[in-house]
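Trainee: Below: one structure in structure tokens.
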Amino acid sequence: MPELPEVETIARGLDTRLVGDSIESVWIGSRKQPLKSPAGVIAATLEGRRIVRVHRAGKHIVFDLAGESRPWRTRVSQTKRKSKVRRQTRQAASLQTPDLQTAQWIVHLGMTGRLVICEPAAEIAKHTHLIAKLASGRELRFIDPRMFGKLSVHLHPGGFDPGGVEPLEVSEQRFIALFRGRKTPIKSALLNQKLLRGVGNIYADESLFRAGIRPRRRPAAITREQLGKLHQAVREVLREAIALGGSSISDYVDADGEEGFFQLQHRVYGREGEPCLVCGTAIRRVVLAGRSSHYCANCQK
Ligand SMILES: [Zn+2]
């Protein structure tokens with residue numbers, strides 16, 4: 001599953017390649033699972049809009065769109081469910097104000113979601129759920145075999161807010177306040193997206209290792225100083241991974257459709273039974289709330 005550094009890398013890649021381009025038309029497949037907004041609303045929001053920025057919010061990719069969407073009557077939708085989409089679009093148009101100046105397209109890649117920029121002639125991969133035809137002649141496609149990805153649009157002023165605090169922007173004071181006194185294991189608290197957004201399993205394990213804290217420790221029993229260390233470790237680990245272009249441990253590709261990012265060397269994650277890189281002790285794995293946690297019993301207390 002792409003984690004924050006991967007999503008950041010993908011968003012940056014898309015931003016570089018898509019800003020200034022416009023979405024001319026949108027085809028949406030018949031599978032409902034990836035659609036968190038109605039197909040018609042997604043199409044109505046995207047079509048005719050210019051992409052002004054692509055960025056990350058938590059683990060979501062956010063496309064900031066400018067310009068008024070086209071009136072539904074003139075839209076040439078490529079979807080097979082044309083009439084249904086038209087009906088939904090009409091509903092959407094009647095529900096929303098006509099001048100949608102601040103619209104955002106939100107993509108969550110889930111486990112296996114990919115956004116690929118390609119030529120229209122490129123073969124349409126199985127599990128393609130959305131194709132956006134761009135004014136530049138290229139296409140932006142969303143492909144997701146396992147369909148845990150999510151597509152939605154956000155139309156409210158103020159912008160999309162996935163909840164939680166951005167881990168790369170949180171101050172030490174705020175970080176400590178978020179976690180202090182919590183009764184769940186620190187690892188679970190780190191994964192709680194309502195606290196920090198975007199920290200996943202790998203980077204939680206790696207951060208705890210660097211901070212010398214065992215995953216099962218209760219935040220209530222962790223000193224302010226140690227939490228301060230953890231704050232630093234989380235940011236350090238995420239920044240390093242972003243600098244390396246995100247780890248590539250899963251089935252996803254970057255915005256160029258290329259696989260094989262440089263992988264951050266994991267010090268504990270996925271290294272059960274292997275010697276700790278610091279002290280040589282065998283790395284242990286425990287399951288916490290259904291997720292694997294890896295740690296060194298010697299380096300982490
Ligand atoms: Zn160790």
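Identifiers in the structure tokens: chain A, B, ... in order shown; residue index from 1 per chain; ligand index from 1 in order shown.
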Write out as a PyMOL selection string the residues lying within 8 Å of stretch 216-229 of chain A, counting only C-alpha atoms and excluding same-chain residues fewer than 2 positions away.

Mentor: chain A and resi 172+175-176+179-187+211+213-214+231-233+288

Trainee: As a quick test: using only C-alpha atoms and all ligand atoms, which residues lie no more than 10 Å away from ligand 1? Give them as a list in words.

Mentor: Phe209, Gly212, Arg267, Val268, Pro275, Cys276, Leu277, Val278, Cys279, Gly280, Thr281, Ala282, Ile283, Tyr295, Cys296, Ala297, Asn298, Cys299 and Gln300 of chain A

Trainee: Print the selection's residues with N, CA, C and O atoms to a file, as a short mmCIF file (atom, residue, chain, number, x, y, z; two decimals), in the first residue's frame.

Mentor:
data_model
loop_
_atom_site.label_atom_id
_atom_site.label_comp_id
_atom_site.auth_asym_id
_atom_site.auth_seq_id
_atom_site.Cartn_x
_atom_site.Cartn_y
_atom_site.Cartn_z
N PHE A 209 11.56 2.65 15.98
CA PHE A 209 12.92 2.11 16.14
C PHE A 209 13.91 3.25 16.37
O PHE A 209 14.70 3.22 17.31
N GLY A 212 13.66 4.63 19.72
CA GLY A 212 13.96 3.70 20.81
C GLY A 212 12.75 3.34 21.66
O GLY A 212 12.88 3.06 22.85
N ARG A 267 15.04 -0.55 8.71
CA ARG A 267 15.90 -1.04 9.79
C ARG A 267 15.19 -2.14 10.58
O ARG A 267 15.83 -3.01 11.15
N VAL A 268 13.86 -2.08 10.65
CA VAL A 268 13.13 -3.14 11.36
C VAL A 268 11.99 -3.73 10.52
O VAL A 268 11.76 -4.93 10.54
N PRO A 275 19.28 -9.77 11.98
CA PRO A 275 19.96 -9.02 13.05
C PRO A 275 19.70 -7.52 12.96
O PRO A 275 19.65 -6.95 11.88
N CYS A 276 19.50 -6.90 14.12
CA CYS A 276 19.36 -5.44 14.21
C CYS A 276 20.62 -4.81 13.63
O CYS A 276 21.73 -5.26 13.90
N LEU A 277 20.45 -3.78 12.84
CA LEU A 277 21.59 -3.13 12.17
C LEU A 277 22.45 -2.35 13.16
O LEU A 277 23.57 -2.00 12.85
N VAL A 278 21.90 -2.12 14.36
CA VAL A 278 22.67 -1.39 15.37
C VAL A 278 23.37 -2.34 16.33
O VAL A 278 24.56 -2.20 16.60
N CYS A 279 22.63 -3.35 16.85
CA CYS A 279 23.20 -4.17 17.92
C CYS A 279 23.26 -5.67 17.59
O CYS A 279 23.81 -6.44 18.36
N GLY A 280 22.68 -6.10 16.51
CA GLY A 280 22.77 -7.51 16.12
C GLY A 280 21.69 -8.41 16.69
O GLY A 280 21.57 -9.57 16.29
N THR A 281 20.89 -7.91 17.62
CA THR A 281 19.79 -8.69 18.19
C THR A 281 18.77 -9.02 17.09
O THR A 281 18.52 -8.17 16.23
N ALA A 282 18.19 -10.22 17.15
CA ALA A 282 17.21 -10.58 16.12
C ALA A 282 15.97 -9.70 16.24
O ALA A 282 15.45 -9.49 17.35
N ILE A 283 15.52 -9.17 15.11
CA ILE A 283 14.33 -8.31 15.10
C ILE A 283 13.09 -9.17 15.39
O ILE A 283 12.94 -10.27 14.85
N TYR A 295 10.34 -4.77 15.81
CA TYR A 295 11.17 -3.96 16.71
C TYR A 295 12.38 -4.74 17.21
O TYR A 295 12.44 -5.97 17.10
N CYS A 296 13.34 -4.00 17.74
CA CYS A 296 14.51 -4.61 18.36
C CYS A 296 14.31 -4.49 19.86
O CYS A 296 14.19 -3.39 20.40
N ALA A 297 14.29 -5.66 20.53
CA ALA A 297 14.02 -5.68 21.96
C ALA A 297 15.16 -5.04 22.76
O ALA A 297 14.99 -4.69 23.93
N ASN A 298 16.32 -4.93 22.13
CA ASN A 298 17.45 -4.33 22.82
C ASN A 298 17.51 -2.82 22.65
O ASN A 298 17.71 -2.07 23.61
N CYS A 299 17.31 -2.37 21.44
CA CYS A 299 17.40 -0.93 21.16
C CYS A 299 16.13 -0.17 21.57
O CYS A 299 16.17 1.03 21.78
N GLN A 300 15.02 -0.88 21.63
CA GLN A 300 13.76 -0.20 21.94
C GLN A 300 13.25 -0.64 23.30
O GLN A 300 13.24 -1.83 23.62
#

Trainee: Any chance you could list, as number ranges by chain, the residues in stretch 97-297 of chain A that come up strand (DSSP E or B) when DSSP is run on the backbone?

Mentor: A: 103-108, 114-118, 128-134, 139-143, 150-154, 165, 196, 275, 282, 284-288, 291-295

Trainee: Find the spatial neighbours of A:Ser292, counting only C-alpha atoms, within a cut-off of 10 Å - ignore same-chain residues fewer than 3 positions away - and output them as a list in words.

Mentor: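 My reading of the contact set: Asn201, Ile202, Asp205, Tyr269, Gly270, Arg284, Arg285, Val286, Val287, Leu288 and Ala289 of chain A.
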
Trainee: Record the distance separating atom CA of A:Ile143 and atom CA of A:Gln193, expressed in Å with one decimal.

Mentor: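 These two atoms are separated by 24.7 Å.
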
Trainee: Do a neighbour search on A:Asp21 at 10 Å with only C-alpha atoms, toss out local chain neighbours closer than 6 positions, and write the hits as a PDB file with N, CA and C atoms, in the first residue's frame.

Mentor:
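What landed in selection.pdb:
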ATOM      1  N   ARG A  49     -12.398  21.551 -16.748  1.00  0.00           N
ATOM      2  CA  ARG A  49     -11.593  22.253 -15.746  1.00  0.00           C
ATOM      3  C   ARG A  49     -10.113  22.186 -16.061  1.00  0.00           C
ATOM      4  N   ARG A  50      -9.428  23.219 -15.577  1.00  0.00           N
ATOM      5  CA  ARG A  50      -7.977  23.266 -15.712  1.00  0.00           C
ATOM      6  C   ARG A  50      -7.350  22.759 -14.409  1.00  0.00           C
ATOM      7  N   ILE A  51      -6.280  22.016 -14.538  1.00  0.00           N
ATOM      8  CA  ILE A  51      -5.582  21.510 -13.352  1.00  0.00           C
ATOM      9  C   ILE A  51      -4.581  22.580 -12.924  1.00  0.00           C
ATOM     10  N   VAL A  52      -4.797  23.147 -11.742  1.00  0.00           N
ATOM     11  CA  VAL A  52      -3.897  24.221 -11.304  1.00  0.00           C
ATOM     12  C   VAL A  52      -2.829  23.729 -10.327  1.00  0.00           C
ATOM     13  N   LEU A 134      -7.225  14.660 -21.835  1.00  0.00           N
ATOM     14  CA  LEU A 134      -6.662  15.975 -21.542  1.00  0.00           C
ATOM     15  C   LEU A 134      -6.529  16.803 -22.818  1.00  0.00           C
ATOM     16  N   ALA A 135      -6.561  18.123 -22.639  1.00  0.00           N
ATOM     17  CA  ALA A 135      -6.465  19.032 -23.783  1.00  0.00           C
ATOM     18  C   ALA A 135      -5.141  18.849 -24.532  1.00  0.00           C
ATOM     19  N   SER A 136      -4.112  18.409 -23.830  1.00  0.00           N
ATOM     20  CA  SER A 136      -2.802  18.202 -24.447  1.00  0.00           C
ATOM     21  C   SER A 136      -2.781  16.978 -25.361  1.00  0.00           C
ATOM     22  N   GLY A 137      -3.869  16.214 -25.342  1.00  0.00           N
ATOM     23  CA  GLY A 137      -3.918  15.010 -26.167  1.00  0.00           C
ATOM     24  C   GLY A 137      -3.584  13.746 -25.391  1.00  0.00           C
ATOM     25  N   ARG A 138      -3.085  13.931 -24.171  1.00  0.00           N
ATOM     26  CA  ARG A 138      -2.764  12.754 -23.352  1.00  0.00           C
ATOM     27  C   ARG A 138      -3.999  12.276 -22.597  1.00  0.00           C
TER      28      ARG A 138
END

Trainee: For the atom pair atom CA of A:Arg291 and atom CA of A:Val237, what is the interatomic distance in Å to one decimal place?

Mentor: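 Result for atom CA of A:Arg291 versus atom CA of A:Val237: 19.5 Å, one decimal.
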
Trainee: From the set A:Arg197, A:Arg31, A:Arg271, A:Arg239, which residue has the shortest atom-to-atom contact distance to A:Thr128, counting only C-alpha atoms?

Mentor: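 Of A:Arg197, A:Arg31, A:Arg271, A:Arg239, the one nearest A:Thr128, counting only C-alpha atoms, is A:Arg31.
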
Trainee: So that I can check the surroundings of A:Glu8, please list as a list of chain:residue names every protein, DNA and RNA residue that reaches within 12 Å of it, counting only C-alpha atoms and ignoring chain neighbours fewer than 5 positions away.

Mentor: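 Using only C-alpha atoms, the neighbours found are A:Pro2, A:Glu3, A:Gly13, A:Leu14, A:Asp15, A:Val54, A:His55, A:Arg56, A:Ala57, A:Gly58, A:Lys59, A:His60, A:Ile61, A:Val62, A:His108, A:Leu109, A:Leu168, A:Gly198, A:Leu238, A:Arg239, A:Ala241, A:Ile242, A:Ala243, A:Leu244, A:Gly245, A:Gly246, A:Ser247, A:Asp254, A:Ala255.
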
Trainee: Would you save the residues from that selection as a short mmCIF file (atom, residue, chain, number, x, y, z; two decimals), in the first residue's frame, using N, CA, C and O atoms?

Mentor:
data_model
loop_
_atom_site.label_atom_id
_atom_site.label_comp_id
_atom_site.auth_asym_id
_atom_site.auth_seq_id
_atom_site.Cartn_x
_atom_site.Cartn_y
_atom_site.Cartn_z
N PRO A 2 0.64 2.14 -0.93
CA PRO A 2 1.47 3.35 -0.92
C PRO A 2 1.28 4.14 0.37
O PRO A 2 0.17 4.34 0.82
N GLU A 3 2.37 4.52 0.96
CA GLU A 3 2.30 5.32 2.18
C GLU A 3 2.59 6.78 1.85
O GLU A 3 2.81 7.14 0.70
N GLY A 13 5.01 14.18 -8.97
CA GLY A 13 5.20 13.79 -10.36
C GLY A 13 4.03 14.23 -11.22
O GLY A 13 4.21 14.73 -12.34
N LEU A 14 2.82 14.06 -10.68
CA LEU A 14 1.62 14.47 -11.42
C LEU A 14 1.58 15.99 -11.56
O LEU A 14 1.23 16.51 -12.61
N ASP A 15 1.96 16.68 -10.50
CA ASP A 15 1.95 18.14 -10.52
C ASP A 15 2.87 18.66 -11.64
O ASP A 15 2.48 19.50 -12.43
N VAL A 54 -1.44 19.84 -8.19
CA VAL A 54 -1.67 18.49 -7.66
C VAL A 54 -0.81 18.37 -6.41
O VAL A 54 0.39 18.65 -6.45
N HIS A 55 -1.43 18.00 -5.31
CA HIS A 55 -0.67 17.91 -4.06
C HIS A 55 -1.22 16.78 -3.19
O HIS A 55 -2.20 16.14 -3.54
N ARG A 56 -0.56 16.57 -2.07
CA ARG A 56 -0.94 15.49 -1.17
C ARG A 56 -1.61 16.04 0.06
O ARG A 56 -1.21 17.08 0.58
N ALA A 57 -2.66 15.37 0.53
CA ALA A 57 -3.25 15.68 1.83
C ALA A 57 -3.40 14.35 2.54
O ALA A 57 -4.21 13.51 2.12
N GLY A 58 -2.62 14.13 3.57
CA GLY A 58 -2.58 12.80 4.17
C GLY A 58 -2.13 11.81 3.11
O GLY A 58 -1.10 12.02 2.48
N LYS A 59 -2.91 10.76 2.89
CA LYS A 59 -2.56 9.82 1.82
C LYS A 59 -3.43 10.02 0.59
O LYS A 59 -3.52 9.15 -0.27
N HIS A 60 -4.09 11.18 0.53
CA HIS A 60 -4.91 11.47 -0.65
C HIS A 60 -4.12 12.32 -1.64
O HIS A 60 -3.32 13.16 -1.24
N ILE A 61 -4.40 12.11 -2.92
CA ILE A 61 -3.86 12.98 -3.96
C ILE A 61 -4.98 13.96 -4.30
O ILE A 61 -6.11 13.55 -4.57
N VAL A 62 -4.66 15.24 -4.25
CA VAL A 62 -5.67 16.28 -4.46
C VAL A 62 -5.34 17.07 -5.71
O VAL A 62 -4.24 17.62 -5.84
N HIS A 108 -7.68 8.51 -3.72
CA HIS A 108 -6.95 7.69 -2.74
C HIS A 108 -6.58 6.40 -3.44
O HIS A 108 -7.45 5.75 -4.02
N LEU A 109 -5.31 6.04 -3.41
CA LEU A 109 -4.86 4.90 -4.21
C LEU A 109 -5.18 3.56 -3.56
O LEU A 109 -5.07 2.53 -4.23
N LEU A 168 4.36 16.09 8.65
CA LEU A 168 5.54 16.86 8.29
C LEU A 168 5.45 18.31 8.76
O LEU A 168 6.42 19.04 8.72
N GLY A 198 -1.68 10.00 7.51
CA GLY A 198 -0.74 9.53 6.49
C GLY A 198 0.40 8.66 6.97
O GLY A 198 1.17 8.17 6.17
N LEU A 238 10.07 10.11 7.24
CA LEU A 238 9.22 10.48 6.10
C LEU A 238 10.01 11.34 5.10
O LEU A 238 9.94 11.14 3.90
N ARG A 239 10.79 12.28 5.62
CA ARG A 239 11.57 13.16 4.73
C ARG A 239 12.59 12.36 3.94
O ARG A 239 12.79 12.60 2.76
N ALA A 241 12.45 9.21 3.15
CA ALA A 241 11.77 8.38 2.15
C ALA A 241 11.31 9.22 0.97
O ALA A 241 11.38 8.79 -0.18
N ILE A 242 10.82 10.43 1.25
CA ILE A 242 10.38 11.31 0.15
C ILE A 242 11.59 11.67 -0.71
O ILE A 242 11.52 11.65 -1.94
N ALA A 243 12.70 11.97 -0.05
CA ALA A 243 13.92 12.33 -0.79
C ALA A 243 14.36 11.19 -1.70
O ALA A 243 14.91 11.40 -2.77
N LEU A 244 14.09 9.97 -1.29
CA LEU A 244 14.47 8.81 -2.10
C LEU A 244 13.37 8.43 -3.10
O LEU A 244 13.51 7.48 -3.84
N GLY A 245 12.31 9.18 -3.10
CA GLY A 245 11.24 8.90 -4.06
C GLY A 245 10.25 7.86 -3.58
O GLY A 245 9.53 7.27 -4.37
N GLY A 246 10.20 7.66 -2.28
CA GLY A 246 9.23 6.70 -1.76
C GLY A 246 9.78 5.28 -1.86
O GLY A 246 10.55 4.97 -2.76
N SER A 247 9.42 4.45 -0.95
CA SER A 247 9.86 3.05 -1.00
C SER A 247 9.00 2.31 -2.01
O SER A 247 7.86 2.67 -2.23
N ASP A 254 4.91 5.04 -10.15
CA ASP A 254 4.86 6.48 -9.97
C ASP A 254 4.09 7.12 -11.12
O ASP A 254 3.54 6.45 -11.97
N ALA A 255 4.06 8.43 -11.12
CA ALA A 255 3.23 9.14 -12.10
C ALA A 255 3.70 8.90 -13.53
O ALA A 255 2.95 9.08 -14.48
#

Trainee: Considering only C-alpha atoms, state which residue in the set A:Arg141, A:Leu208, A:Arg53, A:Gly48 is at the smallest distance from A:Trp27.

Mentor: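 Of A:Arg141, A:Leu208, A:Arg53, A:Gly48, the one nearest A:Trp27 is A:Arg141, counting only C-alpha atoms.
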
Trainee: For A:Asp64, which residue out of A:Pro5, A:Gly200, A:Gly164, A:Gly20 is the nearest one, using only C-alpha atoms?

Mentor: A:Gly20

Trainee: Using only C-alpha atoms, which residue out of A:Gly273, A:Val26, A:His266, A:Gly113 lies closest to A:Glu240?

Mentor: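 When distances to A:Glu240 are compared using only C-alpha atoms, the smallest one comes from A:His266.
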
Trainee: Hey, can you check how far atom CA of A:Val165 sits from atom CA of A:Ala177?

Mentor: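 Computed distance, atom CA of A:Val165 to atom CA of A:Ala177, equals 11.7 Å.
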
Trainee: Which residue, A:His127, A:Leu178, A:Thr16, A:Leu46, has the smallest gap to A:Arg146 when you use only C-alpha atoms?

Mentor: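 Among A:His127, A:Leu178, A:Thr16, A:Leu46, it is A:His127 that comes nearest to A:Arg146.
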